[in-house]
Protein chains: 2
Amino acid sequence: MEKMYVKEITPRSEDYSQWYIDVVLKAELMDYAPVKGCMAIRPYGYAIWEKFQELLDRRIKETGHQNAYFPLFIPQTLLQKEADHVAGFAPEVALVTKGGDEVLSEPLVIRPTSEAIICDFYSRWIQSWRDLPVLINQWCNVVRWEKSTRPFLRTSEFLWQEGHTCHRTLEEAEEEALKMLSVYKDFIETDLAVPVLDGKKTEREKFAGALHTYTVEALMSDGRALQAGTSHNLGQHFARVFNITFSDQDDQLKYVWQTSWGVSTRLIGALIMVHGDDRGLIIPPKVAPIQVVLIPIISKKMRTEVLAEAKQITAGLARQGIRIHLDDREEYSPGWKFNQWEMKGVPVRLELGPRDLEKEQVILVRRCDGSREAIFLHELPARLPLLLEEVQKALFNRALAFLQQNTHRCTDYHQFAGMIEEKRGLFLTPWCGEPECELKVKNDTKATIRCIPFSDSPAEGRCLVCGRPAVHLVYLGRSY
Amino acid sequence: MEKMYVKEITPRSEDYSQWYIDVVLKAELMDYAPVKGCMAIRPYGYAIWEKFQELLDRRIKETGHQNAYFPLFIPQTLLQKEADHVAGFAPEVALVTKGGDEVLSEPLVIRPTSEAIICDFYSRWIQSWRDLPVLINQWCNVVRWEKSTRPFLRTSEFLWQEGHTCHRTLEEAEEEALKMLSVYKDFIETDLAVPVLDGKKTEREKFAGALHTYTVEALMSDGRALQAGTSHNLGQHFARVFNITFSDQDDQLKYVWQTSWGVSTRLIGALIMVHGDDRGLIIPPKVAPIQVVLIPIISKKMRTEVLAEAKQITAGLARQGIRIHLDDREEYSPGWKFNQWEMKGVPVRLELGPRDLEKEQVILVRRCDGSREAIFLHELPARLPLLLEEVQKALFNRALAFLQQNTHRCTDYHQFAGMIEEKRGLFLTPWCGEPECELKVKNDTKATIRCIPFSDSPAEGRCLVCGRPAVHLVYLGRSY
């Protein structure tokens, strides 16, 4: 029985993609919908998303933003107003052409992102400098008709938050875009225990319609990068085509400066691929729906005593605010339960059997490294919160070490092409700034420039591709 | 200036529908979308919805339910499986016929409600009695292509929660359906301060596909009823067509018994129409995004002192957990602010001027009755939480008195038809149980049976319409 789950999960070394699918299905994070590319997020997966929402929403509000809700439907003509934006999104929109028993005179796009519809409202809501800044966020579903999909990472419908702000000046918009990127970095590193590299996207990789796009990039355990969140300085591109103007303190009518920024359920994919192992998920305590699972080892004679103590421990720790679950199901063996909760990535397991009861202790097992220790019952309330903090830190440090070990400096194109094929990972390389070189790397190696890091050292050396003088050091990598 | 807002809102007595529209627009709860029947929920309106979500979600979880997320898209054939269900919803669905650059081989329905898509998942997730009960809820958007719409009350897209549960027995499903109705009643009465009548819908009025529908009904201040929430015992109707079976403890394969239940953003409409007056919204403290607004009365010489004290009061009350907002904008006059926050329905206003500062007091004004009192600053921290409780109760009691005064017993059809035309309100009347009589009432008077109350007195007397022996006393009324 003990080995059953492990057998059910394909080892990462054998087939990483299959490992990922095995984990999301068997840990009951999601299930495939009857519509291609869509999925249901099952309660355990959704509970992770609710934790993300709680922790990020708090930061979004603390930085002065308010939530709102904008319509799902965007008239096609509205989406088409901003030229770059429509070019970026038109190929992947879902269209509603019938409503009730009537054929619609104008098809409606299901929002792939909400800039167009929100700008339409903002053009009416903003008149004066007194109305600025507008700092609004929404949590919602969006739809992008994807040809090739993968649970959480790329699905036709997904959940996200999208912030949309308007400002008086370019400087304020720039400050906002950078502030929200730093909010994402803090959230992802502190709560998801996923280290990220922050920086700017190249012109080629920026958001359709943006002036600049900033990004946080994470490295998955197979050596591929994942864009974990983006923040865009939209400049006045949308303001001009949607006519969002305000009368400034000098009585001049001016266009607003805008930003937008978002993270999505794909962060659940990052969590899985950064921390997970061949036994399944490993969830950092801060975002774990269940932080501690208590499994009573029930023998016939001590049954009542063990269960009573287990309930008391559970109630006490729950009162402390620890998310603890008592698994007292009698139709499953302890070994089966150990495997199930390991697969589900619960950070800490407590085992309580008759002998533990005699010794007034529990056995504590950490999911992240499998280490076991006995802890006296009276020490548990003080010890457990600290231990959860330790686990959180250990997971971050392990992921950070992996990121560092798999980030290489490289100045030789031939060597780079070989290494990325062989080892994946990220490569910090000099780049001349020309899109042709960027495109050549992509065509030759499938790697893209993940970001131009903020910690941009003064450009030195020569472009990895063309040998001309470099203007940036950039991170190259294959990505999800 | 003082009268401007009042002029902007049409009095209820003059045109109730226009009053409602004036309030939702001018209090910035919503704005109309470029797509007919759709709207944006603006930050102040959405903050009310977030309060509803927080308070109801807690109750949903406390009763053992978990949240999840199911797909927006339902293949048309799936929706068509349950005959009554498709008949009920087919006329009002929005259809996606194109995705990306391809015409879809099967059109996708945008969920009008999620029974069909969820049943498809449940048929795969449930195998054994051990998997039961399944107690899942989702918060999401749904779309019903409505011909005649009104903000919050009936819109083509709206937000709601929908619970979907599966049980071993009919009795368990019945208990669940009634439990969730009582959760709704408790939430709406305790937090929204809106008294409701609970009972059962008639066969004619029940949910398309249900065995029974239970409902909570509220009375708006124009005398029309509003269905505030419903809970359905679905029986095995969906289980049979979607083949949701489980092997029971006796090893027999059986169909599950199901329920579904929901409340939506239309509750915001109920809140407005139960408590609001000719000056605008009145929001009960428990769901008010801002419970207390503090308006400093700034004169030139005491400016610094008044502002400093105002900030200190605000910080202190905020630390206590009171949702207080300091409106220290200097570009607006105090009178303008009084009107604006009255319109926005903030339950309590505090005014702090130079003379108040000298007397170490604030002036406190209650939105619900306009009453003013001076309170010593040192008494405020203890007094304010109690006062908010008082206001919450006063609003409930006022709405309850209105409900009682506008509920009439009536046994004469002619008299009933005259009274409902003249006074609206609810009518407790004997009914024979025949759909023909129910339909005649609707055709003659536009009134429908709102519910068969649980407090069903033994049937006595004769049917209001046909004079045959009555089997129920029912509530009749015109509704939203």
# chains A, B, ... in the order shown; residues from 1 in each chain; ligands from 1
call {"tool": "residues_around", "arguments": {"residues": "B:Phe338", "least_positions_apart": "2", "cutoff": "10 Å", "atoms": "only C-alpha atoms", "output": "number ranges by chain"}}
result
B: 2, 293-295, 333-336, 340-344, 349-351, 365
call {"tool": "write_last_selection", "arguments": {"atoms": "C-alpha atoms", "output": "CSV table (one decimal), in the first residue's frame"}}
result
chain,number,residue,atom,x,y,z
B,2,GLU,CA,-26.7,71.7,0.5
B,293,VAL,CA,-17.1,59.3,8.2
B,294,LEU,CA,-15.3,62.0,10.1
B,295,ILE,CA,-15.6,65.5,8.6
B,333,SER,CA,-17.1,72.3,1.7
B,334,PRO,CA,-18.4,70.5,4.8
B,335,GLY,CA,-22.0,70.9,3.6
B,336,TRP,CA,-21.1,69.3,0.2
B,340,GLN,CA,-22.3,63.2,-0.4
B,341,TRP,CA,-21.8,60.8,2.5
B,342,GLU,CA,-25.5,60.8,3.2
B,343,MET,CA,-26.1,59.9,-0.4
B,344,LYS,CA,-23.6,57.1,0.0
B,349,ARG,CA,-21.1,61.0,10.5
B,350,LEU,CA,-18.8,62.7,13.0
B,351,GLU,CA,-18.2,66.4,12.7
B,365,VAL,CA,-25.2,62.3,13.2
call {"tool": "residues_around", "arguments": {"residues": "B:Gly269", "least_positions_apart": "5", "cutoff": "9 Å", "atoms": "only C-alpha atoms", "output": "mmCIF file with N, CA and C atoms, in the first residue's frame"}}
result
data_model
loop_
_atom_site.group_PDB
_atom_site.id
_atom_site.type_symbol
_atom_site.label_atom_id
_atom_site.label_comp_id
_atom_site.auth_asym_id
_atom_site.auth_seq_id
_atom_site.Cartn_x
_atom_site.Cartn_y
_atom_site.Cartn_z
ATOM 1 N N TYR B 20 -34.465 54.825 -7.868
ATOM 2 C CA TYR B 20 -33.514 53.719 -7.753
ATOM 3 C C TYR B 20 -32.304 53.941 -8.672
ATOM 4 N N VAL B 24 -28.312 54.434 -7.556
ATOM 5 C CA VAL B 24 -27.198 53.541 -7.905
ATOM 6 C C VAL B 24 -26.134 54.260 -8.732
ATOM 7 N N PRO B 151 -30.282 47.698 -13.009
ATOM 8 C CA PRO B 151 -29.016 47.495 -12.298
ATOM 9 C C PRO B 151 -29.179 46.646 -11.035
ATOM 10 N N PHE B 152 -28.329 45.671 -10.873
ATOM 11 C CA PHE B 152 -28.289 44.747 -9.737
ATOM 12 C C PHE B 152 -29.471 43.764 -9.710
ATOM 13 N N LEU B 153 -30.670 44.220 -10.095
ATOM 14 C CA LEU B 153 -31.850 43.376 -9.929
ATOM 15 C C LEU B 153 -31.957 42.344 -11.022
ATOM 16 N N VAL B 274 -34.813 48.485 0.448
ATOM 17 C CA VAL B 274 -35.401 48.319 1.782
ATOM 18 C C VAL B 274 -35.056 49.517 2.668
#
call {"tool": "residues_around", "arguments": {"residues": "A:Val263", "least_positions_apart": "5", "cutoff": "6 Å", "atoms": "only C-alpha atoms", "output": "ChimeraX atom specification"}}
result
/A:160-161,229
call {"tool": "write_last_selection", "arguments": {"atoms": "all heavy atoms", "output": "mmCIF file, in the first residue's frame"}}
result
data_model
loop_
_atom_site.group_PDB
_atom_site.id
_atom_site.type_symbol
_atom_site.label_atom_id
_atom_site.label_comp_id
_atom_site.auth_asym_id
_atom_site.auth_seq_id
_atom_site.Cartn_x
_atom_site.Cartn_y
_atom_site.Cartn_z
ATOM 1 N N TRP A 160 -7.609 35.369 -12.540
ATOM 2 C CA TRP A 160 -6.504 36.260 -12.229
ATOM 3 C C TRP A 160 -6.999 37.493 -11.526
ATOM 4 O O TRP A 160 -8.201 37.643 -11.284
ATOM 5 C CB TRP A 160 -5.727 36.620 -13.501
ATOM 6 C CG TRP A 160 -6.338 37.630 -14.419
ATOM 7 C CD1 TRP A 160 -7.615 38.113 -14.408
ATOM 8 C CD2 TRP A 160 -5.659 38.324 -15.480
ATOM 9 N NE1 TRP A 160 -7.775 39.031 -15.405
ATOM 10 C CE2 TRP A 160 -6.604 39.180 -16.069
ATOM 11 C CE3 TRP A 160 -4.368 38.303 -15.982
ATOM 12 C CZ2 TRP A 160 -6.275 40.019 -17.153
ATOM 13 C CZ3 TRP A 160 -4.057 39.132 -17.058
ATOM 14 C CH2 TRP A 160 -4.997 39.971 -17.635
ATOM 15 N N GLN A 161 -6.046 38.391 -11.204
ATOM 16 C CA GLN A 161 -6.400 39.752 -10.837
ATOM 17 C C GLN A 161 -5.735 40.640 -11.850
ATOM 18 O O GLN A 161 -4.632 40.337 -12.331
ATOM 19 C CB GLN A 161 -6.016 40.084 -9.400
ATOM 20 C CG GLN A 161 -4.560 40.028 -8.978
ATOM 21 C CD GLN A 161 -3.621 41.049 -9.603
ATOM 22 O OE1 GLN A 161 -2.501 40.706 -9.958
ATOM 23 N NE2 GLN A 161 -4.080 42.286 -9.749
ATOM 24 N N GLY A 229 4.506 37.044 -13.083
ATOM 25 C CA GLY A 229 3.639 38.216 -12.959
ATOM 26 C C GLY A 229 4.209 39.323 -13.806
ATOM 27 O O GLY A 229 5.421 39.367 -14.024
#
call {"tool": "interface_residues", "arguments": {"of": "chain B", "to": "chain A", "cutoff": "7 Å", "atoms": "only C-alpha atoms", "output": "list in words"}}
result
Val35, Cys38, Met39, Ala40, Ile41, Arg42, Pro43, Tyr46, Gln66, Asn67, Ala68, Tyr69, Phe70, Pro71, Pro75, Pro91, Glu92, Val93, Ala94, Leu95, Val96, Thr97, Lys98, Gly99, Gly100, Asp101 and Trp145 of chain B
call {"tool": "residues_around", "arguments": {"residues": "B:Ile449", "least_positions_apart": "5", "cutoff": "7 Å", "atoms": "only C-alpha atoms", "output": "list in words"}}
result
Val474, Tyr475, Leu476 and Gly477 of chain B
call {"tool": "residues_around", "arguments": {"residues": "A:Ile283", "least_positions_apart": "4", "cutoff": "8 Å", "atoms": "only C-alpha atoms", "output": "mmCIF file with C-alpha atoms, in the first residue's frame"}}
result
data_model
loop_
_atom_site.group_PDB
_atom_site.id
_atom_site.type_symbol
_atom_site.label_atom_id
_atom_site.label_comp_id
_atom_site.auth_asym_id
_atom_site.auth_seq_id
_atom_site.Cartn_x
_atom_site.Cartn_y
_atom_site.Cartn_z
ATOM 1 C CA LEU A 271 4.313 26.453 -6.828
ATOM 2 C CA ILE A 272 4.052 22.846 -7.989
ATOM 3 C CA HIS A 275 8.757 22.804 -4.719
ATOM 4 C CA GLY A 276 7.230 19.468 -5.774
ATOM 5 C CA VAL A 287 -0.161 29.253 1.483
ATOM 6 C CA ALA A 288 -0.975 25.687 2.558
ATOM 7 C CA GLY A 345 2.030 18.501 0.035
ATOM 8 C CA VAL A 346 0.932 19.197 3.612
ATOM 9 C CA PRO A 347 4.069 20.687 5.217
#
call {"tool": "residues_around", "arguments": {"residues": "stretch 169-176 of chain A", "least_positions_apart": "5", "cutoff": "10 Å", "atoms": "only C-alpha atoms", "output": "PyMOL selection string"}}
result
chain A and resi 63+133+135+181-182+212+231-236+254-261
call {"tool": "write_last_selection", "arguments": {"atoms": "C-alpha atoms", "output": "PDB file, in the first residue's frame"}}
result
ATOM      1  CA  THR A  63      -1.055  50.098  -1.431  1.00  0.00           C
ATOM      2  CA  PRO A 133      -5.085  58.735  -9.421  1.00  0.00           C
ATOM      3  CA  LEU A 135      -6.351  52.823  -8.508  1.00  0.00           C
ATOM      4  CA  LEU A 181       6.053  44.599  -9.533  1.00  0.00           C
ATOM      5  CA  SER A 182       7.734  44.839  -6.142  1.00  0.00           C
ATOM      6  CA  HIS A 212       7.162  48.984 -21.079  1.00  0.00           C
ATOM      7  CA  SER A 231       3.284  45.023 -14.625  1.00  0.00           C
ATOM      8  CA  HIS A 232       2.885  47.376 -17.574  1.00  0.00           C
ATOM      9  CA  ASN A 233       3.444  51.066 -17.960  1.00  0.00           C
ATOM     10  CA  LEU A 234       0.856  51.677 -20.689  1.00  0.00           C
ATOM     11  CA  GLY A 235       1.965  55.254 -21.340  1.00  0.00           C
ATOM     12  CA  GLN A 236      -0.807  57.195 -23.079  1.00  0.00           C
ATOM     13  CA  LYS A 254      -4.465  66.209 -20.872  1.00  0.00           C
ATOM     14  CA  TYR A 255      -4.395  62.473 -21.491  1.00  0.00           C
ATOM     15  CA  VAL A 256      -3.922  60.287 -18.412  1.00  0.00           C
ATOM     16  CA  TRP A 257      -0.955  57.938 -17.977  1.00  0.00           C
ATOM     17  CA  GLN A 258      -1.899  54.354 -17.250  1.00  0.00           C
ATOM     18  CA  THR A 259      -0.643  51.076 -15.858  1.00  0.00           C
ATOM     19  CA  SER A 260      -1.985  47.551 -15.694  1.00  0.00           C
ATOM     20  CA  TRP A 261      -0.643  44.522 -13.839  1.00  0.00           C
TER      21      TRP A 261
END
call {"tool": "select_by_dssp", "arguments": {"residues": "stretch 255-382 of chain B", "states": "strand (DSSP E)", "output": "PyMOL selection string"}}
result
chain B and resi 255+257-264+292-296+324-326+348-352+361-366+372-376
call {"tool": "residues_around", "arguments": {"residues": "A:Leu55", "least_positions_apart": "6", "cutoff": "12 Å", "atoms": "only C-alpha atoms", "output": "mmCIF file with N, CA, C and O atoms, in the first residue's frame"}}
result
data_model
loop_
_atom_site.group_PDB
_atom_site.id
_atom_site.type_symbol
_atom_site.label_atom_id
_atom_site.label_comp_id
_atom_site.auth_asym_id
_atom_site.auth_seq_id
_atom_site.Cartn_x
_atom_site.Cartn_y
_atom_site.Cartn_z
ATOM 1 N N ILE A 48 -5.871 26.696 -2.301
ATOM 2 C CA ILE A 48 -4.560 27.336 -2.498
ATOM 3 C C ILE A 48 -4.754 28.721 -3.128
ATOM 4 O O ILE A 48 -4.179 29.713 -2.698
ATOM 5 N N TRP A 49 -5.614 28.767 -4.156
ATOM 6 C CA TRP A 49 -5.901 30.048 -4.813
ATOM 7 C C TRP A 49 -6.514 31.050 -3.830
ATOM 8 O O TRP A 49 -6.177 32.230 -3.844
ATOM 9 N N LYS A 61 -4.691 46.214 -1.381
ATOM 10 C CA LYS A 61 -5.449 47.240 -0.662
ATOM 11 C C LYS A 61 -4.528 48.131 0.163
ATOM 12 O O LYS A 61 -4.741 49.340 0.239
ATOM 13 N N GLU A 62 -3.512 47.540 0.779
ATOM 14 C CA GLU A 62 -2.580 48.353 1.580
ATOM 15 C C GLU A 62 -1.847 49.391 0.732
ATOM 16 O O GLU A 62 -1.408 50.408 1.249
ATOM 17 N N VAL A 183 5.467 44.549 -5.268
ATOM 18 C CA VAL A 183 4.438 43.857 -4.476
ATOM 19 C C VAL A 183 4.376 42.386 -4.894
ATOM 20 O O VAL A 183 4.330 41.481 -4.053
ATOM 21 N N TYR A 184 4.387 42.131 -6.192
ATOM 22 C CA TYR A 184 4.378 40.741 -6.678
ATOM 23 C C TYR A 184 5.603 39.968 -6.188
ATOM 24 O O TYR A 184 5.501 38.831 -5.746
ATOM 25 N N ASP A 186 7.475 40.531 -3.608
ATOM 26 C CA ASP A 186 7.374 40.286 -2.166
ATOM 27 C C ASP A 186 6.376 39.163 -1.878
ATOM 28 O O ASP A 186 6.645 38.254 -1.085
ATOM 29 N N PHE A 187 5.237 39.198 -2.522
ATOM 30 C CA PHE A 187 4.207 38.169 -2.321
ATOM 31 C C PHE A 187 4.726 36.787 -2.733
ATOM 32 O O PHE A 187 4.617 35.809 -1.992
ATOM 33 N N ILE A 188 5.315 36.703 -3.903
ATOM 34 C CA ILE A 188 5.738 35.408 -4.440
ATOM 35 C C ILE A 188 6.912 34.842 -3.632
ATOM 36 O O ILE A 188 6.953 33.653 -3.330
ATOM 37 N N THR A 190 7.862 35.811 -0.412
ATOM 38 C CA THR A 190 7.543 35.637 1.011
ATOM 39 C C THR A 190 6.529 34.522 1.224
ATOM 40 O O THR A 190 6.688 33.692 2.129
ATOM 41 N N ASP A 191 5.479 34.495 0.432
ATOM 42 C CA ASP A 191 4.372 33.583 0.716
ATOM 43 C C ASP A 191 4.453 32.270 -0.077
ATOM 44 O O ASP A 191 4.142 31.211 0.445
ATOM 45 N N LEU A 192 4.864 32.352 -1.348
ATOM 46 C CA LEU A 192 4.977 31.133 -2.142
ATOM 47 C C LEU A 192 6.368 30.497 -1.991
ATOM 48 O O LEU A 192 6.593 29.394 -2.468
ATOM 49 N N LYS A 286 2.822 29.088 4.483
ATOM 50 C CA LYS A 286 2.014 30.317 4.421
ATOM 51 C C LYS A 286 0.841 30.208 3.452
ATOM 52 O O LYS A 286 -0.150 30.911 3.601
ATOM 53 N N VAL A 287 0.944 29.370 2.443
ATOM 54 C CA VAL A 287 -0.161 29.253 1.483
ATOM 55 C C VAL A 287 -0.803 27.866 1.519
ATOM 56 O O VAL A 287 -1.659 27.560 0.683
ATOM 57 N N ALA A 288 -0.423 27.038 2.479
ATOM 58 C CA ALA A 288 -0.975 25.687 2.558
ATOM 59 C C ALA A 288 -2.384 25.721 3.143
ATOM 60 O O ALA A 288 -2.571 26.246 4.238
#
call {"tool": "select_by_dssp", "arguments": {"residues": "stretch 228-395 of chain B", "states": "helix (DSSP H, G or I)", "output": "JSON, numbers by chain"}}
result
{"B": [237, 238, 239, 240, 241, 242, 266, 267, 268, 269, 270, 271, 272, 273, 274, 275, 285, 286, 287, 303, 304, 305, 306, 307, 308, 309, 310, 311, 312, 313, 314, 315, 316, 317, 318, 319, 334, 335, 336, 337, 338, 339, 340, 341, 342, 343, 354, 355, 356, 357, 358, 359, 377, 378, 379, 380, 381, 382, 383, 384, 385, 386, 387, 388, 389, 390, 391, 392, 393, 394, 395]}
call {"tool": "closest_residue", "arguments": {"among": "B:Glu115, B:Asp57, B:Asp278, B:Asp250", "to": "B:Ser13", "atoms": "only C-alpha atoms"}}
result
B:Asp278
call {"tool": "closest_residue", "arguments": {"among": "B:Leu357, B:Ala270, B:Leu219, B:Val465", "to": "B:Ala401", "atoms": "only C-alpha atoms"}}
result
B:Leu219
call {"tool": "atom_distance", "arguments": {"atom1": "atom CA of A:Thr202", "atom2": "atom CA of A:Arg424"}}
result
20.9 Å
